[in-house]
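For reference, my_file-v2.csv (CSV, C-alpha atoms):
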```
chain,number,residue,atom,x,y,z
U,11,MET,CA,32.4,-59.0,-49.4
U,12,SER,CA,31.7,-60.6,-46.0
U,13,LEU,CA,28.6,-60.4,-43.9
U,14,SER,CA,29.1,-58.5,-40.7
U,15,ARG,CA,28.0,-60.2,-37.6
U,16,GLN,CA,26.3,-57.1,-36.3
U,17,HIS,CA,24.1,-55.8,-39.1
U,18,GLU,CA,22.2,-52.5,-38.7
U,19,MET,CA,19.0,-54.6,-38.9
U,20,HIS,CA,20.1,-56.3,-35.6
U,21,LYS,CA,20.3,-53.0,-33.9
U,22,ARG,CA,16.8,-52.1,-35.0
U,23,ARG,CA,15.5,-55.5,-33.8
U,24,PHE,CA,17.2,-55.1,-30.5
U,25,SER,CA,15.8,-51.6,-30.0
U,26,ARG,CA,12.3,-52.9,-30.7
U,27,ASN,CA,12.7,-55.8,-28.3
U,28,LEU,CA,14.1,-53.7,-25.6
U,29,GLY,CA,11.4,-51.0,-26.0
U,30,LEU,CA,8.7,-53.6,-25.9
U,31,GLY,CA,10.2,-55.2,-22.8
U,32,ILE,CA,10.3,-51.9,-21.0
U,33,VAL,CA,6.7,-51.0,-22.1
U,34,LEU,CA,5.4,-54.4,-20.9
U,35,ALA,CA,7.2,-54.1,-17.5
U,36,ALA,CA,5.8,-50.6,-17.1
U,37,PHE,CA,2.3,-51.8,-17.9
U,38,VAL,CA,2.5,-54.6,-15.3
U,39,ALA,CA,3.6,-52.0,-12.7
U,40,LEU,CA,0.8,-49.7,-13.7
U,41,VAL,CA,-1.9,-52.4,-13.5
U,42,PHE,CA,-0.5,-53.5,-10.1
U,43,GLY,CA,-0.6,-49.9,-8.9
U,44,LEU,CA,-4.2,-49.4,-10.2
U,45,THR,CA,-5.2,-52.7,-8.4
U,46,VAL,CA,-3.8,-51.5,-5.1
U,47,VAL,CA,-5.6,-48.1,-5.4
U,48,LYS,CA,-8.9,-49.7,-6.4
U,49,VAL,CA,-8.9,-52.3,-3.6
U,50,SER,CA,-7.8,-49.8,-1.0
U,51,ASN,CA,-10.8,-47.5,-2.0
U,52,GLU,CA,-13.4,-47.2,0.7
U,53,ASP,CA,-16.2,-48.1,-1.8
U,54,PHE,CA,-14.5,-51.4,-2.6
U,55,ALA,CA,-16.0,-54.5,-1.1
U,56,ILE,CA,-15.4,-58.2,-1.9
U,57,PRO,CA,-18.7,-59.6,-3.2
U,58,THR,CA,-20.4,-61.9,-0.7
U,59,ALA,CA,-21.4,-65.5,-1.6
U,60,GLU,CA,-25.1,-64.4,-2.0
U,61,GLU,CA,-24.2,-61.6,-4.4
U,62,ALA,CA,-21.9,-63.8,-6.4
U,63,SER,CA,-24.6,-66.5,-7.0
A,25,MET,CA,21.3,-63.7,-54.1
A,26,SER,CA,24.5,-61.7,-54.0
A,27,ASP,CA,26.3,-60.6,-50.9
A,28,ALA,CA,25.7,-57.0,-51.8
A,29,SER,CA,21.9,-57.4,-51.4
A,30,LEU,CA,22.4,-58.7,-47.9
A,31,ASN,CA,24.7,-55.9,-47.0
A,32,THR,CA,22.5,-53.0,-48.1
A,33,THR,CA,21.9,-50.4,-45.5
A,34,ASP,CA,18.4,-49.7,-46.6
A,35,THR,CA,15.7,-50.1,-44.0
A,36,THR,CA,14.3,-53.6,-44.3
A,37,ILE,CA,10.5,-53.7,-44.1
A,38,GLY,CA,9.5,-55.6,-41.0
A,39,GLU,CA,12.6,-54.6,-39.1
A,40,ALA,CA,11.6,-51.2,-38.0
A,41,GLY,CA,13.1,-49.9,-34.8
A,42,PHE,CA,11.1,-49.0,-31.7
A,43,GLY,CA,11.3,-45.3,-32.6
A,44,ASP,CA,9.6,-45.9,-35.9
A,45,TYR,CA,6.6,-47.4,-34.1
A,46,PHE,CA,6.6,-44.6,-31.7
A,47,ALA,CA,6.7,-42.1,-34.6
A,48,LEU,CA,3.4,-43.7,-35.8
A,49,LEU,CA,1.7,-42.3,-32.7
A,50,LYS,CA,2.4,-38.7,-33.8
A,51,PRO,CA,4.2,-37.8,-30.5
A,52,ARG,CA,3.9,-34.0,-31.2
A,53,VAL,CA,0.2,-34.2,-31.5
A,54,MET,CA,0.2,-36.4,-28.4
A,55,THR,CA,1.7,-33.6,-26.3
A,56,LEU,CA,-1.3,-31.5,-26.9
A,57,VAL,CA,-3.6,-34.4,-26.1
A,58,VAL,CA,-1.8,-35.2,-22.9
A,59,PHE,CA,-1.7,-31.6,-21.8
A,60,THR,CA,-5.4,-30.7,-22.5
A,61,ALA,CA,-6.6,-34.1,-21.1
A,62,PHE,CA,-4.5,-33.5,-17.9
A,63,ILE,CA,-6.0,-30.0,-17.5
A,64,GLY,CA,-9.5,-31.3,-18.0
A,65,LEU,CA,-8.9,-33.9,-15.4
A,66,MET,CA,-7.3,-31.5,-13.0
A,67,ALA,CA,-9.9,-28.8,-13.3
A,68,ALA,CA,-12.7,-31.2,-12.7
A,69,PRO,CA,-14.3,-31.0,-9.2
A,70,GLY,CA,-13.6,-33.8,-6.8
A,71,GLY,CA,-10.3,-35.0,-8.0
A,72,VAL,CA,-9.0,-38.5,-8.6
A,73,HIS,CA,-6.2,-40.6,-7.0
A,74,PRO,CA,-2.9,-39.7,-8.7
A,75,VAL,CA,-2.3,-43.3,-10.0
A,76,VAL,CA,-5.8,-43.4,-11.5
A,77,GLY,CA,-5.2,-39.9,-13.0
A,78,PHE,CA,-1.9,-40.9,-14.5
A,79,ALA,CA,-3.4,-44.1,-15.9
A,80,ALA,CA,-6.3,-42.1,-17.4
A,81,ILE,CA,-4.0,-39.6,-19.1
A,82,LEU,CA,-1.7,-42.4,-20.4
A,83,PHE,CA,-4.6,-44.4,-21.9
A,84,ILE,CA,-6.1,-41.2,-23.5
A,85,ALA,CA,-2.7,-40.5,-25.0
A,86,VAL,CA,-2.4,-44.1,-26.3
A,87,GLY,CA,-5.8,-43.8,-27.8
A,88,GLY,CA,-4.9,-40.5,-29.5
A,89,GLY,CA,-1.6,-42.1,-30.7
A,90,ALA,CA,-3.5,-45.1,-32.1
A,91,SER,CA,-5.8,-42.8,-34.1
A,92,GLY,CA,-2.6,-41.1,-35.4
A,93,ALA,CA,-1.3,-44.5,-36.6
A,94,LEU,CA,-4.6,-45.3,-38.3
A,95,ASN,CA,-4.5,-41.8,-39.9
A,96,MET,CA,-0.9,-42.5,-41.2
A,97,TRP,CA,-2.1,-45.9,-42.6
A,98,TRP,CA,-4.9,-44.3,-44.5
A,99,ASP,CA,-3.1,-41.2,-45.6
A,100,ALA,CA,0.2,-42.8,-46.7
A,101,ASP,CA,-0.3,-41.7,-50.3
A,102,ILE,CA,-0.9,-38.1,-49.3
A,103,ASP,CA,2.0,-38.1,-46.8
A,104,ALA,CA,4.4,-39.4,-49.6
A,105,VAL,CA,3.8,-36.2,-51.7
A,106,MET,CA,3.9,-33.6,-49.0
A,107,LYS,CA,7.3,-32.4,-47.9
A,108,ARG,CA,6.3,-32.0,-44.3
A,109,THR,CA,5.1,-35.6,-44.0
A,110,ALA,CA,7.3,-37.5,-46.5
A,111,LYS,CA,9.6,-38.8,-43.7
A,112,ARG,CA,6.8,-40.4,-41.7
A,113,PRO,CA,7.4,-44.2,-41.1
A,114,ILE,CA,5.1,-45.5,-43.9
A,115,PRO,CA,6.2,-43.3,-46.8
A,116,ALA,CA,9.8,-43.6,-45.7
A,117,GLY,CA,9.4,-47.4,-46.1
A,118,LYS,CA,10.2,-48.3,-42.5
A,119,VAL,CA,6.8,-49.7,-41.5
A,120,THR,CA,4.3,-51.3,-43.9
A,121,GLY,CA,0.7,-50.0,-44.1
A,122,ASP,CA,-0.6,-53.3,-42.8
A,123,GLU,CA,1.6,-53.2,-39.8
A,124,ALA,CA,0.5,-49.6,-39.1
A,125,PHE,CA,-3.1,-50.7,-39.4
A,126,ALA,CA,-2.7,-53.6,-37.0
A,127,PHE,CA,-0.7,-51.5,-34.6
A,128,GLY,CA,-3.4,-48.7,-34.6
A,129,MET,CA,-6.3,-51.1,-34.2
A,130,ALA,CA,-4.7,-53.0,-31.4
A,131,LEU,CA,-3.8,-49.9,-29.5
A,132,SER,CA,-7.3,-48.4,-30.0
A,133,GLY,CA,-9.0,-51.4,-28.5
A,134,PHE,CA,-6.4,-51.6,-25.7
A,135,SER,CA,-6.7,-48.0,-24.7
A,136,VAL,CA,-10.5,-47.9,-24.6
A,137,VAL,CA,-10.7,-51.1,-22.5
A,138,MET,CA,-8.0,-50.0,-20.2
A,139,LEU,CA,-9.6,-46.5,-19.7
A,140,ALA,CA,-12.9,-48.2,-18.9
A,141,LEU,CA,-11.2,-50.4,-16.3
A,142,ALA,CA,-9.2,-47.6,-14.8
A,143,THR,CA,-11.9,-44.9,-14.7
A,144,ASN,CA,-15.5,-45.3,-16.1
A,145,PHE,CA,-17.5,-46.3,-19.2
A,146,LEU,CA,-18.4,-42.7,-20.1
A,147,ALA,CA,-14.7,-41.7,-20.5
A,148,ALA,CA,-13.9,-44.9,-22.4
A,149,GLY,CA,-16.9,-44.3,-24.7
A,150,LEU,CA,-15.8,-40.8,-25.4
A,151,LEU,CA,-12.3,-42.0,-26.2
A,152,ALA,CA,-13.7,-44.7,-28.6
A,153,PHE,CA,-15.9,-42.0,-30.3
A,154,THR,CA,-12.9,-39.7,-30.6
A,155,ILE,CA,-10.9,-42.4,-32.3
A,156,PHE,CA,-13.8,-43.2,-34.6
A,157,PHE,CA,-14.4,-39.6,-35.4
A,158,TYR,CA,-10.7,-38.9,-36.2
A,159,VAL,CA,-10.1,-42.0,-38.3
A,160,VAL,CA,-13.4,-42.5,-40.1
A,161,ILE,CA,-15.2,-39.2,-40.2
A,162,TYR,CA,-12.1,-36.9,-40.6
A,163,THR,CA,-9.4,-39.0,-42.2
A,164,MET,CA,-11.4,-41.3,-44.4
A,165,TRP,CA,-14.3,-39.0,-45.3
A,166,LEU,CA,-14.0,-35.3,-44.8
A,167,LYS,CA,-10.3,-34.7,-45.3
A,168,ARG,CA,-10.3,-35.5,-49.1
A,169,TRP,CA,-13.9,-34.3,-49.7
A,170,THR,CA,-14.6,-30.9,-48.2
A,171,PRO,CA,-12.6,-27.7,-47.5
A,172,GLN,CA,-14.4,-27.7,-44.1
A,173,ASN,CA,-12.2,-30.7,-43.2
A,174,ILE,CA,-10.2,-28.8,-40.7
A,175,VAL,CA,-13.3,-27.3,-39.0
A,176,ILE,CA,-15.1,-30.6,-38.4
A,177,GLY,CA,-11.9,-32.7,-38.0
A,178,GLY,CA,-10.8,-30.3,-35.3
A,179,ALA,CA,-13.5,-31.7,-33.1
A,180,ALA,CA,-11.4,-34.9,-32.7
A,181,GLY,CA,-8.5,-33.0,-31.3
A,182,ALA,CA,-10.9,-31.1,-29.0
A,183,PHE,CA,-12.2,-34.1,-27.1
A,184,PRO,CA,-9.3,-34.8,-24.7
A,185,PRO,CA,-10.3,-32.3,-22.0
A,186,ILE,CA,-13.8,-33.6,-22.0
A,187,ILE,CA,-12.5,-37.2,-21.7
A,188,GLY,CA,-10.2,-36.0,-18.8
A,189,TRP,CA,-13.1,-34.3,-17.1
A,190,ALA,CA,-15.3,-37.4,-17.6
A,191,ALA,CA,-12.6,-39.7,-16.3
A,192,ALA,CA,-12.5,-37.6,-13.0
A,193,THR,CA,-16.2,-37.0,-12.5
A,194,GLY,CA,-18.1,-39.6,-14.6
A,195,SER,CA,-20.1,-36.9,-16.2
A,196,VAL,CA,-19.8,-34.0,-18.7
A,197,SER,CA,-20.5,-30.3,-17.8
A,198,VAL,CA,-20.7,-26.9,-19.4
A,199,GLU,CA,-17.1,-26.2,-18.4
A,200,ALA,CA,-15.9,-29.3,-20.2
A,201,ILE,CA,-17.9,-28.4,-23.3
A,202,LEU,CA,-16.4,-24.9,-23.3
A,203,MET,CA,-12.9,-26.3,-23.1
A,204,PHE,CA,-13.8,-28.5,-26.1
A,205,ALA,CA,-15.2,-25.5,-27.9
A,206,LEU,CA,-11.9,-23.5,-27.2
A,207,ILE,CA,-9.8,-26.1,-29.1
A,208,PHE,CA,-12.5,-26.6,-31.7
A,209,MET,CA,-12.6,-22.9,-32.6
A,210,TRP,CA,-8.8,-22.6,-32.4
A,211,THR,CA,-8.0,-25.4,-34.8
A,212,PRO,CA,-9.2,-23.7,-38.1
A,213,PRO,CA,-7.3,-20.4,-37.8
A,214,HIS,CA,-4.2,-22.4,-36.7
A,215,PHE,CA,-4.3,-24.8,-39.7
A,216,TRP,CA,-5.4,-22.2,-42.2
A,217,ALA,CA,-2.4,-20.0,-41.3
A,218,LEU,CA,-0.2,-23.0,-41.9
A,219,ALA,CA,-1.9,-23.7,-45.2
A,220,LEU,CA,-1.2,-20.1,-46.3
A,221,PHE,CA,2.5,-20.5,-46.1
A,222,THR,CA,2.8,-24.2,-47.2
A,223,ARG,CA,0.5,-23.8,-50.2
A,224,THR,CA,2.3,-26.1,-52.7
A,225,ASP,CA,2.2,-29.1,-50.4
A,226,TYR,CA,-1.6,-29.2,-50.1
A,227,ASP,CA,-2.0,-28.4,-53.8
A,228,GLN,CA,0.2,-31.3,-54.9
A,229,ALA,CA,-1.6,-33.8,-52.5
A,230,ASN,CA,-5.0,-32.7,-53.8
A,231,VAL,CA,-6.3,-32.1,-50.3
A,232,PRO,CA,-9.2,-29.7,-50.6
A,233,MET,CA,-7.8,-27.0,-48.3
A,234,LEU,CA,-9.7,-23.8,-48.1
A,235,THR,CA,-6.7,-22.1,-49.7
A,236,VAL,CA,-7.1,-24.4,-52.7
A,237,THR,CA,-10.8,-24.4,-53.2
A,238,HIS,CA,-11.9,-20.9,-52.2
A,239,GLY,CA,-8.8,-19.0,-52.6
A,240,ARG,CA,-6.4,-17.3,-50.3
A,241,ARG,CA,-8.5,-14.1,-49.9
A,242,ALA,CA,-11.4,-16.2,-48.5
A,243,THR,CA,-9.0,-18.0,-46.2
A,244,ARG,CA,-7.8,-14.7,-44.7
A,245,VAL,CA,-11.4,-13.7,-44.1
A,246,HIS,CA,-12.1,-17.1,-42.5
A,247,ILE,CA,-9.1,-16.8,-40.2
A,248,LEU,CA,-10.4,-13.4,-38.9
A,249,ALA,CA,-14.0,-14.6,-38.5
A,250,TYR,CA,-13.0,-17.7,-36.5
A,251,THR,CA,-10.5,-15.7,-34.4
A,252,VAL,CA,-13.2,-13.2,-33.4
A,253,LEU,CA,-15.5,-16.0,-32.3
A,254,LEU,CA,-12.6,-17.8,-30.6
A,255,ALA,CA,-11.8,-14.6,-28.6
A,256,ALA,CA,-15.4,-14.3,-27.3
A,257,LEU,CA,-15.4,-17.9,-26.3
A,258,ALA,CA,-12.0,-17.9,-24.7
A,259,VAL,CA,-12.8,-14.8,-22.6
A,260,GLY,CA,-16.3,-16.2,-21.8
A,261,LEU,CA,-14.7,-19.4,-20.4
A,262,GLY,CA,-13.0,-17.1,-17.8
A,263,PHE,CA,-16.3,-16.5,-16.1
A,264,THR,CA,-17.2,-20.2,-15.5
A,265,SER,CA,-16.0,-22.3,-12.5
A,266,VAL,CA,-12.7,-23.3,-14.2
A,267,GLY,CA,-11.8,-19.6,-14.9
A,268,GLY,CA,-10.6,-16.9,-12.5
A,269,PRO,CA,-8.5,-13.8,-12.4
A,270,VAL,CA,-5.3,-15.5,-13.7
A,271,TYR,CA,-7.1,-17.1,-16.6
A,272,LEU,CA,-9.0,-13.9,-17.4
A,273,ALA,CA,-5.8,-11.8,-17.5
A,274,VAL,CA,-4.0,-14.4,-19.7
A,275,ALA,CA,-7.1,-14.7,-22.0
A,276,LEU,CA,-7.5,-10.9,-22.4
A,277,TYR,CA,-3.9,-10.3,-23.2
A,278,LEU,CA,-3.5,-13.3,-25.6
A,279,ASN,CA,-6.8,-12.7,-27.4
A,280,ALA,CA,-6.0,-9.1,-28.0
A,281,ARG,CA,-2.7,-10.2,-29.6
A,282,PHE,CA,-4.2,-13.0,-31.5
A,283,LEU,CA,-7.0,-10.7,-32.9
A,284,LYS,CA,-4.3,-8.2,-34.0
A,285,GLY,CA,-2.5,-11.0,-35.8
A,286,ALA,CA,-5.7,-12.1,-37.5
A,287,VAL,CA,-6.4,-8.5,-38.6
A,288,ASP,CA,-2.9,-8.2,-40.0
A,289,ILE,CA,-3.4,-11.4,-42.0
A,290,TRP,CA,-6.8,-10.2,-43.2
A,291,ARG,CA,-5.4,-6.8,-44.4
A,292,ARG,CA,-2.6,-8.3,-46.4
A,293,ASP,CA,-2.8,-9.4,-50.0
A,294,GLU,CA,-0.6,-12.1,-51.7
A,295,PRO,CA,2.1,-9.8,-53.1
A,296,ALA,CA,2.7,-8.3,-49.7
A,297,ALA,CA,2.8,-11.7,-48.1
A,298,GLU,CA,5.2,-13.1,-50.6
A,299,ALA,CA,7.4,-10.0,-50.3
A,300,ASP,CA,8.2,-10.8,-46.7
A,301,LYS,CA,7.9,-14.6,-47.1
A,302,TYR,CA,4.6,-14.9,-45.2
A,303,LEU,CA,6.0,-13.3,-42.0
A,304,ALA,CA,2.6,-12.4,-40.5
A,305,GLU,CA,1.2,-15.8,-41.2
A,306,ARG,CA,4.2,-17.6,-39.7
A,307,LYS,CA,4.0,-15.3,-36.6
A,308,PHE,CA,0.3,-16.0,-36.3
A,309,PHE,CA,0.9,-19.8,-36.5
A,310,LYS,CA,3.6,-19.7,-33.9
A,311,ALA,CA,1.5,-17.5,-31.6
A,312,SER,CA,-1.4,-20.0,-32.0
A,313,LEU,CA,0.7,-22.7,-30.4
A,314,LEU,CA,1.5,-20.5,-27.4
A,315,TYR,CA,-2.2,-19.4,-27.3
A,316,LEU,CA,-3.6,-22.8,-26.6
A,317,PHE,CA,-0.9,-23.9,-24.2
A,318,ALA,CA,-1.2,-20.7,-22.2
A,319,HIS,CA,-5.0,-20.8,-22.0
A,320,PHE,CA,-5.0,-24.4,-20.7
A,321,GLY,CA,-2.0,-23.6,-18.6
A,322,ALA,CA,-4.0,-20.8,-16.9
A,323,ILE,CA,-6.9,-23.1,-16.2
A,324,GLY,CA,-4.4,-25.5,-14.6
A,325,ILE,CA,-3.0,-22.7,-12.5
A,326,GLU,CA,-6.5,-21.7,-11.3
A,327,ALA,CA,-7.1,-25.4,-10.4
A,328,MET,CA,-3.8,-25.6,-8.5
A,329,LEU,CA,-4.6,-22.4,-6.6
A,330,MET,CA,-8.0,-23.7,-5.5
A,331,PRO,CA,-6.8,-25.8,-2.5
A,332,PHE,CA,-5.2,-22.6,-1.1
A,333,GLY,CA,-8.4,-20.7,-1.5
A,334,LEU,CA,-7.0,-18.5,-4.2
A,335,GLY,CA,-8.0,-19.8,-7.7
A,336,GLY,CA,-11.4,-19.3,-9.3
A,337,TRP,CA,-14.0,-16.6,-8.5
```
Kindly transcribe the structure held in the file into structure tokens.
Amino acid sequence: MSLSRQHEMHKRRFSRNLGLGIVLAAFVALVFGLTVVKVSNEDFAIPTAEEAS
Amino acid sequence: MSDASLNTTDTTIGEAGFGDYFALLKPRVMTLVVFTAFIGLMAAPGGVHPVVGFAAILFIAVGGGASGALNMWWDADIDAVMKRTAKRPIPAGKVTGDEAFAFGMALSGFSVVMLALATNFLAAGLLAFTIFFYVVIYTMWLKRWTPQNIVIGGAAGAFPPIIGWAAATGSVSVEAILMFALIFMWTPPHFWALALFTRTDYDQANVPMLTVTHGRRATRVHILAYTVLLAALAVGLGFTSVGGPVYLAVALYLNARFLKGAVDIWRRDEPAAEADKYLAERKFFKASLLYLFAHFGAIGIEAMLMPFGLGGW
């Protein structure tokens, strides 16, 4: 009985890797979007040197 | 090691697919969390930027899913004996208990921190408390100890609209608490109706369901009592700032139907229920799903009509 090159286990591993990749990419996009919204808010101000110290 | 052992088609532990991890998040429960949190956020005065609103709902959903994974980790022994839950990833042997624990803990921390960064600390604190309440108070403590498990545990599922409201406003109001109360009062009759027609499952798993500890007659009485209180609360919510004519019409119609269903269940005895295979109980359970979605849907419609000067009172 020979080992098949593409075992069912490989399919599951690929689905996990692909899924995680998509989730991470979506997370990066979401954090980028959130950042843009937060810094474009009227209340947002970059701390001055006095405030930072 | 023989070739045969390498060629088995059994699921190998540690090689679960993406879908198995997703199943740990209890996606069906998550739909309720997403929907009610969204309505809480939408009905709140002021409003938030759509991106912030989307992020808030997403992190609330992830937090809810994380608590589901932790629940499955703790309850794997119960899940294995109940027909309804035997195919969940841990009892099915697709994911190990330790993996589910790590997955749930990591996502819990992640969702709370991200919700705090995206919205505010009150919303994040409420999400953290919800996860704690569901996992520690309900799953670890009450579920196996008291027949009131469903009543108090239902509070965990009732939090999402408050978290949504808090995410939008940074505070909690009477309306948010009433939305919480609506889900809180709805949960017991919903689950007890289910327990009436899935009796053997809970018996075998030794979960102290009301049907097991106090008998089926008492469960029928409890369903009616909670439904009466629920109806008063649901109609009362219609007179607050999140209610309006649309909500009130929906609430009056659905509560009249729901009350009738509860009375039908109360009037029946076991031989009658067994004769028609728990038809009234099944109908009531099905109606309870529509009940909650329609009430929150109506609150959403009122909120959507607001900008046109139509919704609300």
Give me the chain U side of the contact with chain A, cut-off 9 Å, one line per residue showing its nearest atom pair and distance in Å at one decimal, counting only C-alpha atoms, sorted by chain and residue number, as a Markdown table.
```
| residue | atom | partner | partner_atom | distance |
| --- | --- | --- | --- | --- |
| U:Met11 | CA | A:Asp27 | CA | 6.5 |
| U:Ser12 | CA | A:Asp27 | CA | 7.3 |
| U:Leu13 | CA | A:Asn31 | CA | 6.7 |
| U:Ser14 | CA | A:Asn31 | CA | 8.1 |
| U:His17 | CA | A:Asn31 | CA | 7.9 |
| U:Glu18 | CA | A:Thr33 | CA | 7.1 |
| U:Met19 | CA | A:Glu39 | CA | 6.4 |
| U:His20 | CA | A:Glu39 | CA | 8.4 |
| U:Lys21 | CA | A:Gly41 | CA | 7.9 |
| U:Arg22 | CA | A:Gly41 | CA | 4.3 |
| U:Arg23 | CA | A:Glu39 | CA | 6.1 |
| U:Phe24 | CA | A:Gly41 | CA | 7.9 |
| U:Ser25 | CA | A:Phe42 | CA | 5.6 |
| U:Arg26 | CA | A:Phe42 | CA | 4.2 |
| U:Asn27 | CA | A:Phe42 | CA | 7.8 |
| U:Leu28 | CA | A:Phe42 | CA | 8.3 |
| U:Gly29 | CA | A:Phe42 | CA | 6.0 |
| U:Leu30 | CA | A:Phe42 | CA | 7.8 |
| U:Leu40 | CA | A:Ala79 | CA | 7.3 |
| U:Val41 | CA | A:Ala79 | CA | 8.8 |
| U:Gly43 | CA | A:Val75 | CA | 6.9 |
| U:Leu44 | CA | A:Val76 | CA | 6.3 |
| U:Val47 | CA | A:Val75 | CA | 7.4 |
| U:Lys48 | CA | A:Ala142 | CA | 8.7 |
```
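Atom CA of A:Trp169 to atom CA of A:Val231 spans 7.9 Å [interatomic distance, one decimal].
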Shortest interatomic distance to A:Ala258 - which of A:Phe320, A:Phe308, A:Phe62, A:Phe332, counting all atoms listed in the file: A:Phe320
Residue among A:Leu150, A:Val270, A:Leu283, A:Leu94 lying closest to A:His319, counting all atoms listed in the file: A:Val270
For stretch 112-114 of chain A: contacts at 12 Å, all atoms listed in the file, fewer than 5 positions along chain excluded, given as a ChimeraX atom specification: /A:35,37-51,92-107,119-125
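Distance-wise, atom CA of A:Ala152 and atom CA of A:Thr251 end up 29.7 Å apart.
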Exercise: A:Gly149 partners within 10 Å, only C-alpha atoms, chain neighbours under 5 positions left out, as a list in words: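 Returned residues: Val136, Val137, Leu139, Ala140, Asn144, Thr154, Ile155 and Ile187 of chain A.
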Any idea what's packed within 9 Å of A:Ala68, counting all atoms listed in the file, ignoring anything in its chain fewer than 4 positions away? Could you give it as a compact mmCIF listing (two decimals) with C-alpha atoms, in the frame of the given file?
```txt
# COMPACT_ATOMS: atom_id res chain seq x y z
CA ILE A 63 -6.00 -30.00 -17.50
CA GLY A 64 -9.50 -31.30 -18.00
CA GLY A 188 -10.20 -36.00 -18.80
CA TRP A 189 -13.10 -34.30 -17.10
CA ALA A 190 -15.30 -37.40 -17.60
CA ALA A 192 -12.50 -37.60 -13.00
CA THR A 193 -16.20 -37.00 -12.50
CA GLU A 199 -17.10 -26.20 -18.40
CA ALA A 200 -15.90 -29.30 -20.20
CA VAL A 266 -12.70 -23.30 -14.20
CA ALA A 327 -7.10 -25.40 -10.40
```
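Among the candidates A:Arg291, A:Phe183, A:Arg168, A:Ala219, the one nearest to A:Leu202 when counting only C-alpha atoms is A:Phe183.
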